[in-house]
Amino acid sequence: MKVRELSIPGLFLLESPVWGDDRGFFREWFKADDFEGVGLSFQARQANLSMSQKNVVRGLHYSLATEGQSKVVTCAFGELDDVIVDIRVGSPTFGAVEIVHLSGDAERSVLLPVGVAHGFCVSSELAALTYLLSSPFNATAELEIDPFDEELRVAWTVTDDPIVSEKDRAAPSLAERRAADELPRYG
């Protein structure tokens with residue numbers, strides 16, 4: 001596995017080989033030994049799968065769980081743009097947005113550090129995002145930020161009106177979350 005840190009501290013692009021033939025393809029997208037071999041640590045506590053149609057925007061979601069929550073994310077089917085926003089107060093890249101294109105038949109996955117917001121939008125007719133969490137879902141610690149926050153200016157790659165949940169559409173802005181002291185701290 002190739003591992004490369006992206007522009008946000010602790011955010012890594014993971015590339016693993018895809019072996020294909022006339023039957024389809026095979027890919028190992030997570031292997032603890034590969035992580036440890038490059039000095040990273042990740043212990044999966046929960047696995048999730050999200051299936052969405054074209055132009056769906058999910059996010060921006062984050063966790064304030066006391067134990068923190070990092071994620072390893074990959075696309076199992078279709079194509080999508082994975083969006084990561086550094087919302088950690090005190091981070092040198094606070095407010096930075098990183099977008100990573102993922103597809104089911106490509107070699108890319110992403111390791112998200114504790115404290116960043118995560119979302120994605122679907123560019124194929126249907127896409128499946130699968131992700132491992134370092135801590136289980138905790139409804140009282142899960143928050144969201146408006147995916148269309150004017151301050152963040154996320155370049156969502158939808159081709160029509162975005163399909164967004166009411167909860168995400170009504171989410172507070174980054175500035176509102178910061179003023180309410182509802183953001184994670186860096187370091």
# chains A, B, ... in the order shown; residues from 1 in each chain; ligands from 1
$ closest_atom_pairs --of "segment 19-56 of chain A" --to "segment 70-76 of chain A" --cutoff "8 Å" --atoms "only C-alpha atoms" --output "Markdown table"
| residue | atom | partner | partner_atom | distance |
| --- | --- | --- | --- | --- |
| A:Trp29 | CA | A:Thr74 | CA | 7.4 |
| A:Phe30 | CA | A:Val72 | CA | 7.9 |
| A:Phe42 | CA | A:Ser70 | CA | 8.0 |
$ write_last_selection --atoms "C-alpha atoms" --output "PDB file, in the first residue's frame"
ATOM      1  CA  TRP A  29      -8.499  -1.630   0.863  1.00  0.00           C
ATOM      2  CA  PHE A  30      -7.578  -2.027   4.526  1.00  0.00           C
ATOM      3  CA  PHE A  42      -6.139   2.336  13.167  1.00  0.00           C
TER       4      PHE A  42
END
$ closest_atom_pairs --of "segment 39-77 of chain A" --to "segment 152-165 of chain A" --cutoff "10 Å" --atoms "only C-alpha atoms" --output "Markdown table"
| residue | atom | partner | partner_atom | distance |
| --- | --- | --- | --- | --- |
| A:Ser52 | CA | A:Ile163 | CA | 9.7 |
| A:Gln53 | CA | A:Ile163 | CA | 8.7 |
| A:Lys54 | CA | A:Val158 | CA | 7.8 |
| A:Asn55 | CA | A:Val158 | CA | 5.0 |
| A:Val56 | CA | A:Ile163 | CA | 4.5 |
| A:Val57 | CA | A:Val164 | CA | 5.4 |
| A:Arg58 | CA | A:Val164 | CA | 6.5 |
| A:Gly59 | CA | A:Val164 | CA | 8.6 |
$ residues_around --residues "Gly78 of chain A" --least-positions-apart "5" --cutoff "6 Å" --atoms "only C-alpha atoms" --output "short mmCIF file (atom, residue, chain, number, x, y, z; two decimals) with C-alpha atoms, in the first residue's frame"
data_model
loop_
_atom_site.label_atom_id
_atom_site.label_comp_id
_atom_site.auth_asym_id
_atom_site.auth_seq_id
_atom_site.Cartn_x
_atom_site.Cartn_y
_atom_site.Cartn_z
CA SER A 103 -14.43 4.97 -7.48
CA GLY A 104 -15.24 1.33 -6.91
CA SER A 124 -22.35 8.10 -10.98
CA LEU A 126 -25.43 4.91 -7.95
CA ALA A 127 -22.50 4.65 -5.55
#
$ residues_around --residues "Leu183 of chain A" --least-positions-apart "3" --cutoff "12 Å" --atoms "only C-alpha atoms" --output "ChimeraX atom specification"
/A:61-65,85-91,94-95,114-117,141-145,172-180,186
$ write_last_selection --atoms "N, CA and C atoms" --output "short mmCIF file (atom, residue, chain, number, x, y, z; two decimals), in the first residue's frame"
data_model
loop_
_atom_site.label_atom_id
_atom_site.label_comp_id
_atom_site.auth_asym_id
_atom_site.auth_seq_id
_atom_site.Cartn_x
_atom_site.Cartn_y
_atom_site.Cartn_z
N HIS A 61 -20.43 15.83 8.25
CA HIS A 61 -20.65 15.22 9.56
C HIS A 61 -19.34 15.07 10.32
N TYR A 62 -19.44 15.15 11.65
CA TYR A 62 -18.27 14.93 12.50
C TYR A 62 -18.72 14.44 13.86
N SER A 63 -17.76 13.94 14.62
CA SER A 63 -18.06 13.39 15.93
C SER A 63 -17.26 14.11 17.01
N LEU A 64 -17.92 14.35 18.13
CA LEU A 64 -17.25 14.88 19.31
C LEU A 64 -17.13 13.80 20.38
N ALA A 65 -17.13 12.55 19.96
CA ALA A 65 -16.99 11.43 20.90
C ALA A 65 -15.71 11.63 21.72
N VAL A 85 -13.14 18.32 5.61
CA VAL A 85 -12.95 19.70 6.02
C VAL A 85 -12.30 19.71 7.40
N ASP A 86 -11.22 20.46 7.52
CA ASP A 86 -10.54 20.59 8.81
C ASP A 86 -11.30 21.60 9.66
N ILE A 87 -11.99 21.09 10.67
CA ILE A 87 -12.78 21.96 11.57
C ILE A 87 -12.18 21.96 12.98
N ARG A 88 -10.94 21.52 13.10
CA ARG A 88 -10.28 21.44 14.41
C ARG A 88 -9.75 22.82 14.80
N VAL A 89 -10.33 23.38 15.85
CA VAL A 89 -9.91 24.70 16.33
C VAL A 89 -8.43 24.62 16.72
N GLY A 90 -7.63 25.52 16.21
CA GLY A 90 -6.20 25.53 16.48
C GLY A 90 -5.37 24.84 15.42
N SER A 91 -6.00 24.18 14.47
CA SER A 91 -5.26 23.51 13.40
C SER A 91 -4.67 24.54 12.45
N PHE A 94 -7.16 25.02 9.61
CA PHE A 94 -8.57 25.18 9.98
C PHE A 94 -9.36 25.77 8.82
N GLY A 95 -10.47 25.14 8.47
CA GLY A 95 -11.32 25.59 7.38
C GLY A 95 -10.91 25.07 6.01
N VAL A 114 -9.01 12.16 13.49
CA VAL A 114 -10.00 12.59 14.47
C VAL A 114 -10.24 14.09 14.30
N GLY A 115 -11.51 14.49 14.34
CA GLY A 115 -11.83 15.91 14.39
C GLY A 115 -12.11 16.62 13.09
N VAL A 116 -12.09 15.92 11.97
CA VAL A 116 -12.43 16.57 10.71
C VAL A 116 -13.89 16.26 10.36
N ALA A 117 -14.48 17.12 9.54
CA ALA A 117 -15.84 16.88 9.05
C ALA A 117 -15.74 16.12 7.74
N ALA A 141 -23.09 12.53 20.24
CA ALA A 141 -21.81 13.18 19.93
C ALA A 141 -21.65 13.50 18.45
N GLU A 142 -22.64 13.15 17.64
CA GLU A 142 -22.55 13.36 16.19
C GLU A 142 -23.19 14.69 15.82
N LEU A 143 -22.45 15.50 15.08
CA LEU A 143 -22.94 16.82 14.67
C LEU A 143 -22.73 17.00 13.17
N GLU A 144 -23.31 18.07 12.64
CA GLU A 144 -23.19 18.36 11.22
C GLU A 144 -23.03 19.86 11.01
N ILE A 145 -22.43 20.16 9.87
CA ILE A 145 -22.23 21.55 9.42
C ILE A 145 -22.90 21.67 8.06
N PRO A 172 -26.18 24.00 11.11
CA PRO A 172 -25.54 25.30 11.34
C PRO A 172 -24.27 25.46 10.48
N SER A 173 -23.85 26.70 10.32
CA SER A 173 -22.60 26.98 9.60
C SER A 173 -21.40 26.66 10.50
N LEU A 174 -20.23 26.65 9.91
CA LEU A 174 -19.00 26.45 10.67
C LEU A 174 -18.86 27.55 11.73
N ALA A 175 -19.14 28.80 11.35
CA ALA A 175 -19.04 29.92 12.30
C ALA A 175 -20.01 29.75 13.47
N GLU A 176 -21.22 29.28 13.18
CA GLU A 176 -22.19 29.06 14.25
C GLU A 176 -21.75 27.95 15.19
N ARG A 177 -21.21 26.88 14.64
CA ARG A 177 -20.70 25.79 15.49
C ARG A 177 -19.53 26.29 16.34
N ARG A 178 -18.67 27.10 15.75
CA ARG A 178 -17.52 27.63 16.50
C ARG A 178 -17.99 28.55 17.63
N ALA A 179 -18.94 29.42 17.35
CA ALA A 179 -19.47 30.35 18.36
C ALA A 179 -20.16 29.59 19.51
N ALA A 180 -20.73 28.44 19.19
CA ALA A 180 -21.40 27.62 20.22
C ALA A 180 -20.42 26.67 20.91
N TYR A 186 -7.68 20.87 17.95
CA TYR A 186 -6.52 20.26 17.29
C TYR A 186 -5.48 19.87 18.32
#
$ residues_around --residues "Lys31 of chain A" --least-positions-apart "5" --cutoff "10 Å" --atoms "only C-alpha atoms" --output "PyMOL selection string"
chain A and resi 1+16+36+42
$ atom_distance --atom1 "atom CA of Leu6 of chain A" --atom2 "atom CA of Ile99 of chain A"
10.1 Å
